[in-house]
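Engineer: Input run-v3.tsv, format and content: TSV, C-alpha atoms.
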chain	number	residue	atom	x	y	z
A	4	VAL	CA	10.04	-2.32	24.78
A	5	TYR	CA	8.20	-1.67	28.04
A	6	SER	CA	7.50	-4.54	30.46
A	7	PRO	CA	5.93	-3.28	33.70
A	8	LYS	CA	6.97	-5.21	36.78
A	9	GLN	CA	3.46	-4.86	38.19
A	10	ILE	CA	2.04	-7.04	35.37
A	11	LYS	CA	4.20	-10.07	34.79
A	12	GLY	CA	4.15	-11.30	31.19
A	13	LEU	CA	3.06	-7.99	29.66
A	14	SER	CA	5.23	-6.25	27.08
A	15	ILE	CA	4.52	-3.17	24.99
A	16	THR	CA	6.60	-2.20	21.98
A	17	VAL	CA	6.37	1.03	19.98
A	18	ASP	CA	8.68	1.59	16.99
A	19	TYR	CA	8.75	4.73	14.89
A	20	TYR	CA	10.01	4.20	11.34
A	21	ASN	CA	11.07	6.70	8.69
A	22	ILE	CA	12.19	5.08	5.45
A	23	SER	CA	13.35	6.63	2.18
A	24	GLN	CA	14.07	4.74	-1.04
A	25	ASP	CA	15.25	5.85	-4.46
A	26	LYS	CA	15.21	4.23	-7.90
A	27	VAL	CA	11.58	3.13	-7.53
A	28	GLY	CA	8.34	3.55	-9.45
A	29	SER	CA	6.53	2.05	-12.39
A	30	ILE	CA	6.06	3.51	-15.85
A	31	ASP	CA	3.20	6.03	-16.02
A	32	TYR	CA	1.99	5.26	-19.55
A	33	SER	CA	-1.01	7.59	-19.30
A	34	SER	CA	1.24	10.59	-18.66
A	35	ILE	CA	3.68	9.51	-21.38
A	36	TYR	CA	1.02	9.25	-24.08
A	37	ALA	CA	-0.54	12.51	-22.92
A	38	ASP	CA	2.86	14.18	-23.33
A	39	LEU	CA	3.31	12.66	-26.80
A	40	ASN	CA	-0.14	13.80	-27.85
A	41	ALA	CA	0.38	17.32	-26.53
A	42	LYS	CA	3.90	17.97	-27.81
A	43	GLY	CA	4.35	15.69	-30.82
A	44	ALA	CA	7.96	15.43	-31.89
A	45	ALA	CA	8.94	17.85	-29.09
A	46	SER	CA	8.03	15.27	-26.46
A	47	LYS	CA	11.00	13.74	-24.67
A	48	TYR	CA	9.46	10.33	-25.46
A	49	ALA	CA	9.13	10.95	-29.22
A	50	ALA	CA	12.39	9.18	-30.11
A	51	GLY	CA	11.03	5.90	-28.79
A	52	PHE	CA	7.55	6.16	-30.31
A	53	ILE	CA	6.50	4.50	-33.59
A	54	PHE	CA	3.04	4.68	-35.16
A	55	ALA	CA	1.17	1.54	-36.18
A	56	ASP	CA	2.21	2.16	-39.80
A	57	ASN	CA	5.90	2.33	-38.72
A	58	SER	CA	6.13	6.11	-39.22
A	59	ARG	CA	7.44	8.48	-36.55
A	60	LEU	CA	6.51	11.83	-35.08
A	61	THR	CA	8.05	14.62	-37.17
A	62	SER	CA	5.82	17.55	-36.26
A	63	ASN	CA	5.32	19.35	-32.95
A	64	ALA	CA	1.58	19.62	-33.60
A	65	ALA	CA	-0.78	18.36	-30.91
A	66	ASN	CA	-3.34	15.55	-31.16
A	67	GLN	CA	-1.36	13.30	-33.49
A	68	VAL	CA	-1.44	10.23	-31.22
A	69	THR	CA	-4.76	8.40	-30.98
A	70	SER	CA	-5.96	5.03	-29.70
A	71	THR	CA	-6.17	3.73	-33.27
A	72	ASN	CA	-2.71	4.69	-34.55
A	73	VAL	CA	-0.51	3.78	-31.58
A	74	GLY	CA	2.25	1.38	-32.52
A	75	THR	CA	5.17	0.74	-30.16
A	76	LEU	CA	6.88	2.74	-27.43
A	77	THR	CA	10.40	2.16	-26.17
A	78	ILE	CA	11.49	3.95	-23.01
A	79	ALA	CA	14.16	3.50	-20.35
A	80	THR	CA	13.17	1.16	-17.55
A	81	ASP	CA	15.56	2.67	-15.03
A	82	PRO	CA	13.12	4.36	-12.62
A	83	ALA	CA	13.99	7.85	-11.41
A	84	GLY	CA	11.38	8.00	-8.67
A	85	ASP	CA	11.79	8.03	-4.92
A	86	GLN	CA	9.44	7.41	-2.03
A	87	LYS	CA	9.38	7.97	1.69
A	88	THR	CA	7.15	6.64	4.44
A	89	ASP	CA	6.86	7.02	8.18
A	90	GLY	CA	4.59	5.70	10.90
A	91	LEU	CA	4.37	3.61	14.05
A	92	ASP	CA	4.52	-0.15	14.59
A	93	ILE	CA	2.81	-1.04	17.88
A	94	SER	CA	2.74	-4.38	19.65
A	95	VAL	CA	1.08	-5.42	22.92
A	96	ASP	CA	1.67	-8.97	24.17
A	97	TYR	CA	0.53	-10.67	27.36
A	98	ALA	CA	1.57	-14.20	28.30
A	99	PHE	CA	0.22	-16.10	31.29
A	100	VAL	CA	-0.12	-19.65	32.54
A	101	THR	CA	-3.18	-21.12	34.18
A	102	LYS	CA	-3.23	-24.09	36.51
A	103	ASP	CA	-5.95	-26.06	34.77
A	104	VAL	CA	-6.16	-25.05	31.10
A	105	GLY	CA	-2.58	-24.35	30.03
A	106	ARG	CA	-0.63	-21.40	28.67
A	107	PHE	CA	-2.10	-18.36	26.91
A	108	ASN	CA	-0.49	-15.69	24.81
A	109	VAL	CA	-2.78	-12.80	23.75
A	110	GLY	CA	-2.03	-9.50	22.13
A	111	VAL	CA	-2.31	-7.23	19.14
A	112	ASN	CA	0.03	-5.94	16.44
A	113	GLY	CA	-0.84	-2.66	14.81
A	114	ASN	CA	0.47	-0.17	12.30
A	115	TRP	CA	-0.37	3.53	12.16
A	116	LEU	CA	0.64	4.99	8.80
A	117	PHE	CA	1.49	8.70	8.88
A	118	ASN	CA	2.75	9.24	5.34
A	119	TYR	CA	3.55	7.34	2.17
A	120	LYS	CA	4.78	9.75	-0.49
A	121	PHE	CA	6.14	9.12	-3.99
A	122	ARG	CA	7.31	11.18	-6.95
A	123	SER	CA	8.24	9.93	-10.42
A	124	THR	CA	11.30	12.16	-10.84
A	125	PRO	CA	13.19	14.71	-8.72
A	126	ARG	CA	11.48	17.44	-10.78
A	127	ASP	CA	8.00	16.33	-9.70
A	128	ALA	CA	6.05	17.06	-6.53
A	129	TYR	CA	5.38	14.26	-4.06
A	130	TYR	CA	1.95	12.60	-4.07
A	131	GLN	CA	0.42	11.27	-0.86
A	132	TYR	CA	-0.55	7.58	-1.14
A	133	ALA	CA	-1.41	6.98	2.51
A	134	ARG	CA	-5.10	6.30	3.18
A	135	VAL	CA	-5.94	5.63	-0.50
A	136	PHE	CA	-5.91	2.78	-3.03
A	137	THR	CA	-3.99	3.23	-6.29
A	138	ASP	CA	-3.08	0.91	-9.15
A	139	SER	CA	-1.20	1.06	-12.46
A	140	ALA	CA	-4.13	2.78	-14.18
A	141	ASN	CA	-4.24	5.80	-11.87
A	142	GLY	CA	-1.22	5.76	-9.54
A	143	LEU	CA	0.85	8.29	-11.50
A	144	GLY	CA	3.81	5.92	-11.63
A	145	GLY	CA	3.61	4.97	-7.96
A	146	ASP	CA	0.79	2.45	-7.81
A	147	ASN	CA	1.00	1.27	-4.20
A	148	GLY	CA	-2.21	-0.69	-3.79
A	149	LEU	CA	-4.16	-0.47	-0.54
A	150	LEU	CA	-2.57	1.72	2.15
A	151	PRO	CA	-5.02	2.14	5.05
A	152	SER	CA	-4.50	4.68	7.81
A	153	TYR	CA	-4.01	1.86	10.30
A	154	THR	CA	-4.29	-1.92	10.66
A	155	LEU	CA	-4.99	-4.05	13.73
A	156	LYS	CA	-4.09	-7.73	14.06
A	157	PRO	CA	-5.14	-9.23	17.42
A	158	TYR	CA	-4.25	-12.83	18.25
A	159	ILE	CA	-4.79	-15.54	20.84
A	160	ASN	CA	-2.41	-18.49	21.20
A	161	HIS	CA	-3.13	-21.36	23.56
A	162	ASN	CA	-1.16	-24.47	24.52
A	163	TYR	CA	-2.48	-27.29	26.66
A	164	LYS	CA	-0.71	-30.63	26.74
A	165	SER	CA	-0.67	-31.95	23.14
A	166	LEU	CA	-3.08	-29.34	21.78
A	167	SER	CA	-2.06	-25.95	20.37
A	168	THR	CA	-4.59	-23.40	19.15
A	169	SER	CA	-4.03	-20.09	17.37
A	170	LEU	CA	-6.70	-17.55	16.58
A	171	PHE	CA	-5.70	-14.61	14.38
A	172	PHE	CA	-7.82	-11.55	13.62
A	173	SER	CA	-7.25	-8.77	11.10
A	174	TYR	CA	-9.05	-5.45	10.81
A	175	VAL	CA	-8.60	-2.92	8.00
A	176	PRO	CA	-10.60	0.35	8.05
A	177	LYS	CA	-12.34	1.83	5.03
A	178	VAL	CA	-10.11	3.35	2.36
A	179	SER	CA	-10.72	5.79	-0.48
A	180	ALA	CA	-10.18	4.58	-4.06
A	181	PRO	CA	-10.17	7.89	-5.97
A	182	GLY	CA	-9.36	6.43	-9.39
A	183	THR	CA	-8.42	9.18	-11.82
A	184	LEU	CA	-9.24	11.81	-9.19
A	185	PHE	CA	-5.96	10.88	-7.51
A	186	GLY	CA	-3.35	13.61	-7.61
A	187	GLY	CA	-5.68	15.98	-9.42
A	188	GLN	CA	-5.15	14.21	-12.76
A	189	SER	CA	-8.88	14.61	-13.52
A	190	THR	CA	-11.89	16.43	-12.12
A	191	THR	CA	-13.99	13.26	-12.32
A	192	ASN	CA	-13.20	9.60	-11.78
A	193	ALA	CA	-13.18	8.03	-15.24
A	194	GLN	CA	-13.40	4.57	-13.68
A	195	ARG	CA	-16.95	5.17	-12.40
A	196	ILE	CA	-20.11	6.23	-14.21
A	197	ASP	CA	-20.94	8.84	-11.55
A	198	GLY	CA	-17.38	10.24	-11.65
A	199	LYS	CA	-16.93	9.96	-7.89
A	200	GLU	CA	-14.40	8.18	-5.70
A	201	TYR	CA	-15.14	4.66	-4.50
A	202	ILE	CA	-14.99	3.84	-0.80
A	203	ILE	CA	-13.58	0.39	-0.07
A	204	PRO	CA	-15.48	-0.80	3.04
A	205	SER	CA	-13.66	-1.82	6.19
A	206	TYR	CA	-13.27	-5.55	6.67
A	207	PHE	CA	-12.53	-8.03	9.43
A	208	SER	CA	-11.13	-11.53	9.01
A	209	VAL	CA	-10.51	-14.47	11.34
A	210	ASP	CA	-8.13	-17.42	10.91
A	211	LEU	CA	-8.03	-20.45	13.17
A	212	GLY	CA	-5.18	-22.92	13.44
A	213	LEU	CA	-5.16	-26.19	15.41
A	214	THR	CA	-2.24	-28.53	16.06
A	215	TYR	CA	-2.44	-31.81	17.91
A	216	THR	CA	0.66	-33.88	18.64
A	217	VAL	CA	-0.04	-37.56	18.83
A	218	PRO	CA	1.55	-39.04	21.97
Would you encode the structure as structure tokens?

Structural biologist:
Amino acid sequence: VYSPKQIKGLSITVDYYNISQDKVGSIDYSSIYADLNAKGAASKYAAGFIFADNSRLTSNAANQVTSTNVGTLTIATDPAGDQKTDGLDISVDYAFVTKDVGRFNVGVNGNWLFNYKFRSTPRDAYYQYARVFTDSANGLGGDNGLLPSYTLKPYINHNYKSLSTSLFFSYVPKVSAPGTLFGGQSTTNAQRIDGKEYIIPSYFSVDLGLTYTVP
């Protein structure tokens, strides 16, 4: 925290974070069924797979599993993935009091995301989730939603006698939504007709809060 003596009421905070977490991740069903279809009974998931007619995989031949004969799949829910993220949390706050119109508190909170990486197992390579949108259909087991490169959240708080006012802003820059292009799982995005990534536009929001205390 830096509070310059030359500007009373001003404080600047910069925090670098580097966080690692294990035993995380969701089940990547697309990869599991692709493995079953490619390897048959040799797939590591074959023991938990049952066809719609209650039969099981007994051959190592490919292309046995289709959308019309899938029955049930039982797999362990203990995730073997790990993820790591690092970036900066930045805060600037300025508080001052006026003679005629009360007390003000203005500032901005921001986050600058450097990396957000995940892998499903220790045998896999890390995928970079920072600056993209992923979900359960294309996240390769690490669907992390919207992770923009940075976010800005300015604010203005004001107090005057019995009236308190808060104005909050939020800005999120544009983010890529690659769909099935993510991680190189496909050469085209199967979630769009043109096969390309989708760009989620930047957006800006404003929230206003008012509080009046009755004397």

Engineer: Would you mind telling me which residue in A:Leu91, A:Ala140, A:Val175, A:Ala83 lies nearest to Ala193 of chain A when using all atoms listed in the file?

Structural biologist: A:Ala140

Engineer: What's around Ser33 of chain A at 12 Å? Count all atoms listed in the file, leave out sequence neighbours fewer than 2 positions away in its own chain, and write the answer as a count of residues only.

Structural biologist: 18

Engineer: Just how far from atom CA of Val111 of chain A is atom CA of Ser167 of chain A, in Å to one decimal?

Structural biologist: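 Separation between atom CA of Ser167 of chain A and atom CA of Val111 of chain A: 18.8 Å.
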
Engineer: Using all atoms listed in the file - which residues lie no farther than 10 Å from the point (-3.9, -26.8, 25.4) in the file's frame? Write them as JSON, numbers by chain.

Structural biologist: {"A": [103, 104, 105, 106, 107, 160, 161, 162, 163, 164, 165, 166, 167, 168, 214, 215]}

Engineer: Hey, can you spit out that residue selection with C-alpha atoms as a PDB file, keeping the file's coordinate frame?

Structural biologist:
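Listing of out-v9.pdb after writing:
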ATOM      1  CA  ASP A 103      -5.950 -26.060  34.770  1.00  0.00           C
ATOM      2  CA  VAL A 104      -6.160 -25.050  31.100  1.00  0.00           C
ATOM      3  CA  GLY A 105      -2.580 -24.350  30.030  1.00  0.00           C
ATOM      4  CA  ARG A 106      -0.630 -21.400  28.670  1.00  0.00           C
ATOM      5  CA  PHE A 107      -2.100 -18.360  26.910  1.00  0.00           C
ATOM      6  CA  ASN A 160      -2.410 -18.490  21.200  1.00  0.00           C
ATOM      7  CA  HIS A 161      -3.130 -21.360  23.560  1.00  0.00           C
ATOM      8  CA  ASN A 162      -1.160 -24.470  24.520  1.00  0.00           C
ATOM      9  CA  TYR A 163      -2.480 -27.290  26.660  1.00  0.00           C
ATOM     10  CA  LYS A 164      -0.710 -30.630  26.740  1.00  0.00           C
ATOM     11  CA  SER A 165      -0.670 -31.950  23.140  1.00  0.00           C
ATOM     12  CA  LEU A 166      -3.080 -29.340  21.780  1.00  0.00           C
ATOM     13  CA  SER A 167      -2.060 -25.950  20.370  1.00  0.00           C
ATOM     14  CA  THR A 168      -4.590 -23.400  19.150  1.00  0.00           C
ATOM     15  CA  THR A 214      -2.240 -28.530  16.060  1.00  0.00           C
ATOM     16  CA  TYR A 215      -2.440 -31.810  17.910  1.00  0.00           C
TER      17      TYR A 215
END

Engineer: Any chance you could tabulate, as a Markdown table, the residues of segment 45-140 of chain A at most 12 Å from segment 199-208 of chain A with each one's nearest atom pair and distance in Å to one decimal, using only C-alpha atoms, in chain and rising number order?

Structural biologist:
| residue | atom | partner | partner_atom | distance |
| --- | --- | --- | --- | --- |
| A:Arg134 | CA | A:Ile203 | CA | 10.8 |
| A:Val135 | CA | A:Ile202 | CA | 9.2 |
| A:Phe136 | CA | A:Ile203 | CA | 8.6 |
| A:Thr137 | CA | A:Tyr201 | CA | 11.4 |

Engineer: Just give me the gap between atom CA of Phe99 of chain A and atom CA of Ile10 of chain A in Å, one decimal is fine.

Structural biologist: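 Between atom CA of Phe99 of chain A and atom CA of Ile10 of chain A the gap is 10.1 Å.
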
Engineer: Could you rebuild segment 174-195 of chain A with N, CA, C and O atoms and give it back as a PDB file, in the coordinates of the input?

Structural biologist:
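Contents of the output file result.pdb:
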ATOM      1  N   TYR A 174      -8.080  -6.497  11.095  1.00  0.00           N
ATOM      2  CA  TYR A 174      -9.050  -5.450  10.810  1.00  0.00           C
ATOM      3  C   TYR A 174      -8.393  -4.352   9.978  1.00  0.00           C
ATOM      4  O   TYR A 174      -7.311  -3.855  10.305  1.00  0.00           O
ATOM      5  N   VAL A 175      -9.061  -3.990   8.879  1.00  0.00           N
ATOM      6  CA  VAL A 175      -8.600  -2.920   8.000  1.00  0.00           C
ATOM      7  C   VAL A 175      -9.744  -1.917   7.853  1.00  0.00           C
ATOM      8  O   VAL A 175     -10.847  -2.296   7.448  1.00  0.00           O
ATOM      9  N   PRO A 176      -9.531  -0.645   8.168  1.00  0.00           N
ATOM     10  CA  PRO A 176     -10.600   0.350   8.050  1.00  0.00           C
ATOM     11  C   PRO A 176     -10.894   0.699   6.592  1.00  0.00           C
ATOM     12  O   PRO A 176     -10.153   0.303   5.686  1.00  0.00           O
ATOM     13  N   LYS A 177     -11.966   1.431   6.383  1.00  0.00           N
ATOM     14  CA  LYS A 177     -12.340   1.830   5.030  1.00  0.00           C
ATOM     15  C   LYS A 177     -11.259   2.717   4.407  1.00  0.00           C
ATOM     16  O   LYS A 177     -10.546   3.452   5.099  1.00  0.00           O
ATOM     17  N   VAL A 178     -11.142   2.623   3.089  1.00  0.00           N
ATOM     18  CA  VAL A 178     -10.110   3.350   2.360  1.00  0.00           C
ATOM     19  C   VAL A 178     -10.713   3.955   1.094  1.00  0.00           C
ATOM     20  O   VAL A 178     -11.545   3.331   0.435  1.00  0.00           O
ATOM     21  N   SER A 179     -10.267   5.143   0.743  1.00  0.00           N
ATOM     22  CA  SER A 179     -10.720   5.790  -0.480  1.00  0.00           C
ATOM     23  C   SER A 179      -9.993   5.225  -1.697  1.00  0.00           C
ATOM     24  O   SER A 179      -8.776   5.028  -1.670  1.00  0.00           O
ATOM     25  N   ALA A 180     -10.755   4.959  -2.769  1.00  0.00           N
ATOM     26  CA  ALA A 180     -10.180   4.580  -4.060  1.00  0.00           C
ATOM     27  C   ALA A 180     -10.570   5.673  -5.060  1.00  0.00           C
ATOM     28  O   ALA A 180     -11.620   5.590  -5.711  1.00  0.00           O
ATOM     29  N   PRO A 181      -9.769   6.722  -5.176  1.00  0.00           N
ATOM     30  CA  PRO A 181     -10.170   7.890  -5.970  1.00  0.00           C
ATOM     31  C   PRO A 181     -10.117   7.691  -7.476  1.00  0.00           C
ATOM     32  O   PRO A 181     -10.645   8.515  -8.227  1.00  0.00           O
ATOM     33  N   GLY A 182      -9.474   6.608  -7.946  1.00  0.00           N
ATOM     34  CA  GLY A 182      -9.360   6.430  -9.390  1.00  0.00           C
ATOM     35  C   GLY A 182      -8.586   7.559 -10.028  1.00  0.00           C
ATOM     36  O   GLY A 182      -7.541   7.977  -9.535  1.00  0.00           O
ATOM     37  N   THR A 183      -9.133   8.113 -11.115  1.00  0.00           N
ATOM     38  CA  THR A 183      -8.420   9.180 -11.820  1.00  0.00           C
ATOM     39  C   THR A 183      -8.570  10.545 -11.140  1.00  0.00           C
ATOM     40  O   THR A 183      -8.041  11.546 -11.644  1.00  0.00           O
ATOM     41  N   LEU A 184      -9.244  10.593 -10.000  1.00  0.00           N
ATOM     42  CA  LEU A 184      -9.240  11.810  -9.190  1.00  0.00           C
ATOM     43  C   LEU A 184      -7.918  11.969  -8.448  1.00  0.00           C
ATOM     44  O   LEU A 184      -7.569  13.067  -8.015  1.00  0.00           O
ATOM     45  N   PHE A 185      -7.185  10.866  -8.302  1.00  0.00           N
ATOM     46  CA  PHE A 185      -5.960  10.880  -7.510  1.00  0.00           C
ATOM     47  C   PHE A 185      -4.944  11.863  -8.090  1.00  0.00           C
ATOM     48  O   PHE A 185      -4.666  11.875  -9.293  1.00  0.00           O
ATOM     49  N   GLY A 186      -4.389  12.667  -7.203  1.00  0.00           N
ATOM     50  CA  GLY A 186      -3.350  13.610  -7.610  1.00  0.00           C
ATOM     51  C   GLY A 186      -3.832  14.745  -8.478  1.00  0.00           C
ATOM     52  O   GLY A 186      -3.014  15.464  -9.064  1.00  0.00           O
ATOM     53  N   GLY A 187      -5.155  14.910  -8.604  1.00  0.00           N
ATOM     54  CA  GLY A 187      -5.680  15.980  -9.420  1.00  0.00           C
ATOM     55  C   GLY A 187      -5.542  15.766 -10.915  1.00  0.00           C
ATOM     56  O   GLY A 187      -5.654  16.701 -11.701  1.00  0.00           O
ATOM     57  N   GLN A 188      -5.328  14.486 -11.339  1.00  0.00           N
ATOM     58  CA  GLN A 188      -5.150  14.210 -12.760  1.00  0.00           C
ATOM     59  C   GLN A 188      -6.444  14.383 -13.555  1.00  0.00           C
ATOM     60  O   GLN A 188      -6.423  14.497 -14.777  1.00  0.00           O
ATOM     61  N   SER A 189      -7.591  14.400 -12.861  1.00  0.00           N
ATOM     62  CA  SER A 189      -8.880  14.610 -13.520  1.00  0.00           C
ATOM     63  C   SER A 189      -9.860  15.186 -12.509  1.00  0.00           C
ATOM     64  O   SER A 189      -9.703  15.014 -11.296  1.00  0.00           O
ATOM     65  N   THR A 190     -10.868  15.876 -13.013  1.00  0.00           N
ATOM     66  CA  THR A 190     -11.890  16.430 -12.120  1.00  0.00           C
ATOM     67  C   THR A 190     -13.003  15.435 -11.833  1.00  0.00           C
ATOM     68  O   THR A 190     -13.828  15.662 -10.956  1.00  0.00           O
ATOM     69  N   THR A 191     -13.027  14.345 -12.575  1.00  0.00           N
ATOM     70  CA  THR A 191     -13.990  13.260 -12.320  1.00  0.00           C
ATOM     71  C   THR A 191     -13.252  11.935 -12.414  1.00  0.00           C
ATOM     72  O   THR A 191     -12.219  11.821 -13.080  1.00  0.00           O
ATOM     73  N   ASN A 192     -13.800  10.930 -11.753  1.00  0.00           N
ATOM     74  CA  ASN A 192     -13.200   9.600 -11.780  1.00  0.00           C
ATOM     75  C   ASN A 192     -13.689   8.848 -13.009  1.00  0.00           C
ATOM     76  O   ASN A 192     -14.846   8.430 -13.079  1.00  0.00           O
ATOM     77  N   ALA A 193     -12.810   8.679 -13.986  1.00  0.00           N
ATOM     78  CA  ALA A 193     -13.180   8.030 -15.240  1.00  0.00           C
ATOM     79  C   ALA A 193     -13.466   6.543 -15.071  1.00  0.00           C
ATOM     80  O   ALA A 193     -13.988   5.909 -15.991  1.00  0.00           O
ATOM     81  N   GLN A 194     -13.168   5.988 -13.911  1.00  0.00           N
ATOM     82  CA  GLN A 194     -13.400   4.570 -13.680  1.00  0.00           C
ATOM     83  C   GLN A 194     -14.769   4.280 -13.068  1.00  0.00           C
ATOM     84  O   GLN A 194     -15.074   3.146 -12.753  1.00  0.00           O
ATOM     85  N   ARG A 195     -15.578   5.337 -12.897  1.00  0.00           N
ATOM     86  CA  ARG A 195     -16.950   5.170 -12.400  1.00  0.00           C
ATOM     87  C   ARG A 195     -17.906   6.014 -13.237  1.00  0.00           C
ATOM     88  O   ARG A 195     -17.553   7.103 -13.684  1.00  0.00           O
TER      89      ARG A 195
END
